[in-house]
Amino acid sequence: MTKYRTRLLFALITLIIIVLIGLGLLLGQLFKNYYIDSFNERLKIEMNLLTSNIEQNGGLASLHTDEISKMSRLLHARITIVDLEGDIHYDTGELSSTKIGRHRDIIGEIVEDNPDSKSDLEIGGGYDLHYYWHPLKHNGEKEGYVFLTTKIDELQNAYRQIWWILTISLGMALIVIILLGTRITNRYTKPIESATNVAIELAKGNYRARTYEDHIDETGMLSSSINILARNLQELMKLKESQQDRLTALIENMGSGLILIDSRGYINLINKPYKEIFNVEASEYLYKLYYEVIDHMEISQMVEEIFMTEQKVRKQVVLPLEIERRHFEVYGVPIIGTNKVWKGILLVFHDITEIKKLEQMRKDFVANVSHELKTPITSIKGFSETLLDGAMHDKDTLEAFLEIILKESDRLQVLIQELLDLSKIEQHGFRLSYGSVDLQQQVTEVIEILKGKAAQKDIELKFGQSSGKPIIEGDADRLKQVLINLASNAITYTPNGGSVEISLADQGDTIFLMIKDSGIGIEKSEIPRIFERFYRVDRARSRNSGGTGLGLAIVKHIVEAHKGQIEVTSEVGKGTTFTIKLYKKLPQ
């Protein structure tokens with residue numbers, strides 16, 4: 001692509017050359033005409049002098065040849081005197097470029113044409129000579145002609161000199177003009193080219209481009225305006241990018257799924273939470289009709305309702321996702337721009353599955369607490385009424401009923417105490433009393449506490465000794481509570497004659513505490529729920545043993561408070577193993 005500067009300079013030089021050529025032709029023609037007029041005027045004066053001299057000396061009858069020859073030499077011209085018939089009376093004959101026969105013929109042709117008295121020029125055929133003539137009169141009558149013949153070499157030399165002078169002068173003027181024009185065009189086109197390049201960079205999105213400001217004139221104002229525009233565009237782009245980043249960060253991290261549908265029903269945007277919740281890829285949704293990619297009929301009907309009514313819609317729906325059913329609160333709103341232009345629909349999916357679970361857990365908790373409290377209270381009330389009705393007078397009956405009332409009271413006390421413990425553990429800001437805990441000593445004490453219960457069922461309760469000193473950082477009372485709950489459950493759910501083993505394993509920075517029994521085991525489908533409050537694997541046995549269904553929930557919260565993990569492996573009919581991972585030094 002030819003640069004603007006080159007094109008401008010080429011056009012300027014072309015224009016200057018045309019003007020100079022035209023000016024040269026005009027000046028050459030003027031100089032030529034001026035020289036010819038001067039030459040003719042000289043010849044006219046010379047002819048008048050010669051004719052007057054001949055006429056004063058008596059005309060053709062008395063020619064002074066010596067004087068005429070002298071004048072011929074002075075005038076550098078060939079003088080020929082002829083009569084009216086064209087016969088030559090005298091001819092100096094010095095200009096020999098024309099043969100005498102041809103000279104006579106030219107003069108004869110001029111005389112034969114009967115020229116008037118006015119002076120004129122005539123070029124001889126094929127010879128570079130000028131013929132200038134004038135009538136010769138004597139006593140007022142024309143008696144012949146006087147011819148002056150001169151070479152035109154002088155004219156040609158004069159023409160050549162004129163053209164050489166004009167060519168050299170105009171050539172030098174052209175060179176000077178080109179040099180000045182180059183400097184001038186460079187001065188005025190360089191800022192324009194720089195501004196053009198900056199404008200191109202701005203069009204490409206490079207808003208850091210700037211042009212050089214050097215002149216306080218129109219080009220300087222152009223450069224300054226371009227730079228101001230570039231700075232403004234850069235600031236606007238920074239602001240736009242900042243707003244875009246904030247909007248993108250908000251949309252991608254808002255925690256709720258989002259879909260943007262345009263006015264034609266095509267999906268233009270889905271955010272990261274939506275893709276994670278529904279396990280889809282952006283390429284599967286973007287720029288496709290919503291009813292072709294959204295599989296859930298409730299959502300498609302909701303979009304159709306918004307399209308038809310142009311009103312906000314809020315619904316709670318249950319959607320099957322893979323192997324589970326999840327609850328969503330879907331909020332749909334029409335997007336209407338200025339002048340009530342329909343832009344599309346925005347759908348927001350709030351996952352309320354956990355909220356629903358919490359609501360259900362709260363309902364179950366209230367129902368379970370009510371049920372667990374109702375049973376011992378009903379027993380206590382029933383046996384008390386029976387005693388008051390007269391059974392108290394029977395000593396054996398009185399003792400049996402009082403023992404039942406005491407047992408139910410103990411059960412009620414344990415339930416209330418465990419509810420208080422669970423409530424305390426689940427409270428925000430719950431803190432453990434950290435200290436150095438010897439797990440081996442803790443296990444030994446728990447075995448001493450529970451060996452009587454194990455002996456009643458002929459269950460072997462043993463401790464698998466470990467190497468080293470398994471000492472960790474933790475709350476001794478809470479860890480003992482964990483051991484008692486797990487060992488007591490193992491004894492409860494192990495048939496008579498079985499075994500329960502507690503062991504410790506030192507693994508560097510961690511200690512693994514394992515409680516293994518040979519009991520009834522747990523179904524694989526029930527394992528995920530055993531840490532729920534009031535959930536029992538064998539409800540009849542746990543109720544008879546005084547279990548409340550809160551022990552494992554308390555165990556899970558205490559282990560998590562120690563930054564540990566608890567795992568369960570079980571096989572129905574063969575037993576269950578609880579494995580607790582505890583850190584020697586609590587992680588920060």
# chains A, B, ... in the order shown; residues from 1 in each chain; ligands from 1

$ residues_around --residues "Glu305 in chain A" --least-positions-apart "4" --cutoff "12 Å" --atoms "only C-alpha atoms" --output "JSON, numbers by chain"
{"A": [298, 299, 300, 301, 309, 310, 311, 312, 313, 314, 315, 332, 333, 334, 345]}

$ residues_around --residues "Leu20 in chain A" --least-positions-apart "5" --cutoff "10 Å" --atoms "only C-alpha atoms" --output "list in words"
Thr14, Leu15, Leu25, Leu26, Leu166, Thr167, Leu170, Gly171, Ala173 and Leu174 of chain A

$ closest_residue --among "A:Leu552, A:Ile259, A:Val146, A:Ile471" --to "Leu286 in chain A" --atoms "only C-alpha atoms"
A:Ile259

$ closest_residue --among "A:Tyr159, A:Tyr493, A:Tyr131, A:Phe307" --to "Phe31 in chain A" --atoms "only C-alpha atoms"
A:Tyr159

$ atom_distance --atom1 "CA of His296 in chain A" --atom2 "CA of His350 in chain A"
15.7 Å

$ atom_distance --atom1 "CA of Phe531 in chain A" --atom2 "CA of Asn485 in chain A"
12.3 Å

$ atom_distance --atom1 "CA of Val366 in chain A" --atom2 "CA of Arg326 in chain A"
23.5 Å

$ select_by_dssp --residues "range 102-350 of chain A" --states "strand (DSSP E or B)" --output "number ranges by chain"
A: 121-123, 129-138, 141-151, 257-262, 266-270, 289, 313-321, 324-336, 342-350

$ decode --residues "range 63-110 of chain A" --atoms "N, CA and C atoms" --output "tab-separated table (two decimals), in the first residue's frame"
chain	number	residue	atom	x	y	z
A	63	LEU	N	23.17	52.48	-59.87
A	63	LEU	CA	23.50	51.70	-58.68
A	63	LEU	C	24.96	51.84	-58.35
A	64	HIS	N	25.26	52.08	-57.09
A	64	HIS	CA	26.64	52.12	-56.61
A	64	HIS	C	26.93	50.75	-56.00
A	65	THR	N	27.50	49.88	-56.80
A	65	THR	CA	27.71	48.48	-56.38
A	65	THR	C	28.67	48.37	-55.22
A	66	ASP	N	29.71	49.25	-55.25
A	66	ASP	CA	30.67	49.17	-54.14
A	66	ASP	C	30.00	49.48	-52.80
A	67	GLU	N	29.16	50.49	-52.82
A	67	GLU	CA	28.48	50.88	-51.58
A	67	GLU	C	27.50	49.80	-51.14
A	68	ILE	N	26.84	49.18	-52.16
A	68	ILE	CA	25.86	48.12	-51.81
A	68	ILE	C	26.59	46.91	-51.25
A	69	SER	N	27.75	46.58	-51.83
A	69	SER	CA	28.53	45.44	-51.31
A	69	SER	C	29.01	45.73	-49.90
A	70	LYS	N	29.41	46.98	-49.64
A	70	LYS	CA	29.85	47.35	-48.30
A	70	LYS	C	28.71	47.19	-47.29
A	71	MET	N	27.53	47.62	-47.69
A	71	MET	CA	26.38	47.49	-46.80
A	71	MET	C	26.02	46.01	-46.58
A	72	SER	N	26.26	45.19	-47.64
A	72	SER	CA	25.96	43.76	-47.49
A	72	SER	C	26.85	43.14	-46.44
A	73	ARG	N	28.13	43.56	-46.45
A	73	ARG	CA	29.06	43.01	-45.46
A	73	ARG	C	28.70	43.50	-44.04
A	74	LEU	N	28.33	44.79	-43.99
A	74	LEU	CA	27.97	45.32	-42.67
A	74	LEU	C	26.71	44.64	-42.11
A	75	LEU	N	25.76	44.34	-42.99
A	75	LEU	CA	24.49	43.75	-42.54
A	75	LEU	C	24.54	42.23	-42.47
A	76	HIS	N	25.64	41.65	-42.93
A	76	HIS	CA	25.73	40.19	-42.97
A	76	HIS	C	24.54	39.62	-43.71
A	77	ALA	N	24.23	40.20	-44.84
A	77	ALA	CA	23.08	39.76	-45.63
A	77	ALA	C	23.43	39.83	-47.12
A	78	ARG	N	22.72	39.04	-47.88
A	78	ARG	CA	22.86	39.04	-49.36
A	78	ARG	C	21.83	40.00	-49.91
A	79	ILE	N	22.33	40.98	-50.68
A	79	ILE	CA	21.44	42.00	-51.25
A	79	ILE	C	21.27	41.71	-52.73
A	80	THR	N	20.00	41.64	-53.10
A	80	THR	CA	19.67	41.39	-54.51
A	80	THR	C	18.67	42.44	-54.97
A	81	ILE	N	19.01	43.10	-56.12
A	81	ILE	CA	18.13	44.15	-56.66
A	81	ILE	C	17.60	43.66	-58.00
A	82	VAL	N	16.24	43.64	-58.12
A	82	VAL	CA	15.61	43.16	-59.35
A	82	VAL	C	14.61	44.20	-59.82
A	83	ASP	N	14.28	44.07	-61.12
A	83	ASP	CA	13.24	44.96	-61.67
A	83	ASP	C	11.90	44.32	-61.49
A	84	LEU	N	10.88	44.97	-62.11
A	84	LEU	CA	9.51	44.47	-61.93
A	84	LEU	C	9.29	43.14	-62.63
A	85	GLU	N	10.20	42.79	-63.58
A	85	GLU	CA	10.07	41.53	-64.28
A	85	GLU	C	10.77	40.39	-63.55
A	86	GLY	N	11.51	40.73	-62.52
A	86	GLY	CA	12.21	39.71	-61.78
A	86	GLY	C	13.63	39.51	-62.25
A	87	ASP	N	14.11	40.35	-63.19
A	87	ASP	CA	15.48	40.21	-63.65
A	87	ASP	C	16.41	40.85	-62.64
A	88	ILE	N	17.48	40.16	-62.33
A	88	ILE	CA	18.45	40.62	-61.33
A	88	ILE	C	19.35	41.67	-61.95
A	89	HIS	N	19.40	42.85	-61.30
A	89	HIS	CA	20.30	43.91	-61.71
A	89	HIS	C	21.61	43.86	-60.94
A	90	TYR	N	21.50	43.42	-59.71
A	90	TYR	CA	22.74	43.31	-58.94
A	90	TYR	C	22.50	42.31	-57.81
A	91	ASP	N	23.52	41.52	-57.54
A	91	ASP	CA	23.44	40.48	-56.50
A	91	ASP	C	24.80	40.37	-55.86
A	92	THR	N	24.86	40.61	-54.52
A	92	THR	CA	26.15	40.54	-53.83
A	92	THR	C	26.68	39.11	-53.82
A	93	GLY	N	25.77	38.14	-53.80
A	93	GLY	CA	26.16	36.76	-53.95
A	93	GLY	C	27.02	36.18	-52.86
A	94	GLU	N	27.02	36.72	-51.69
A	94	GLU	CA	27.91	36.23	-50.64
A	94	GLU	C	27.34	35.02	-49.89
A	95	LEU	N	26.05	34.96	-49.74
A	95	LEU	CA	25.43	33.81	-49.05
A	95	LEU	C	25.29	32.68	-50.05
A	96	SER	N	26.22	31.77	-50.04
A	96	SER	CA	26.32	30.74	-51.07
A	96	SER	C	25.57	29.47	-50.72
A	97	SER	N	24.76	29.51	-49.69
A	97	SER	CA	24.03	28.29	-49.34
A	97	SER	C	22.96	27.97	-50.34
A	98	THR	N	22.65	28.95	-51.22
A	98	THR	CA	21.64	28.72	-52.26
A	98	THR	C	22.31	28.91	-53.62
A	99	LYS	N	22.09	27.96	-54.49
A	99	LYS	CA	22.63	28.08	-55.83
A	99	LYS	C	21.98	29.27	-56.53
A	100	ILE	N	22.72	29.89	-57.46
A	100	ILE	CA	22.23	31.08	-58.15
A	100	ILE	C	20.97	30.83	-58.93
A	101	GLY	N	20.85	29.62	-59.51
A	101	GLY	CA	19.62	29.30	-60.26
A	101	GLY	C	18.42	29.22	-59.34
A	102	ARG	N	18.62	28.55	-58.22
A	102	ARG	CA	17.52	28.42	-57.25
A	102	ARG	C	17.19	29.77	-56.66
A	103	HIS	N	18.20	30.64	-56.43
A	103	HIS	CA	17.99	31.97	-55.89
A	103	HIS	C	17.15	32.82	-56.84
A	104	ARG	N	17.48	32.67	-58.14
A	104	ARG	CA	16.72	33.42	-59.13
A	104	ARG	C	15.28	32.94	-59.20
A	105	ASP	N	15.09	31.65	-59.09
A	105	ASP	CA	13.72	31.10	-59.15
A	105	ASP	C	12.88	31.58	-57.97
A	106	ILE	N	13.48	31.61	-56.75
A	106	ILE	CA	12.73	32.06	-55.57
A	106	ILE	C	12.30	33.50	-55.75
A	107	ILE	N	13.26	34.35	-56.20
A	107	ILE	CA	12.92	35.78	-56.40
A	107	ILE	C	11.87	35.92	-57.46
A	108	GLY	N	11.99	35.11	-58.55
A	108	GLY	CA	10.99	35.18	-59.62
A	108	GLY	C	9.60	34.82	-59.13
A	109	GLU	N	9.50	33.79	-58.31
A	109	GLU	CA	8.20	33.38	-57.76
A	109	GLU	C	7.61	34.48	-56.89
A	110	ILE	N	8.48	35.17	-56.10
A	110	ILE	CA	7.97	36.23	-55.23
A	110	ILE	C	7.46	37.40	-56.08
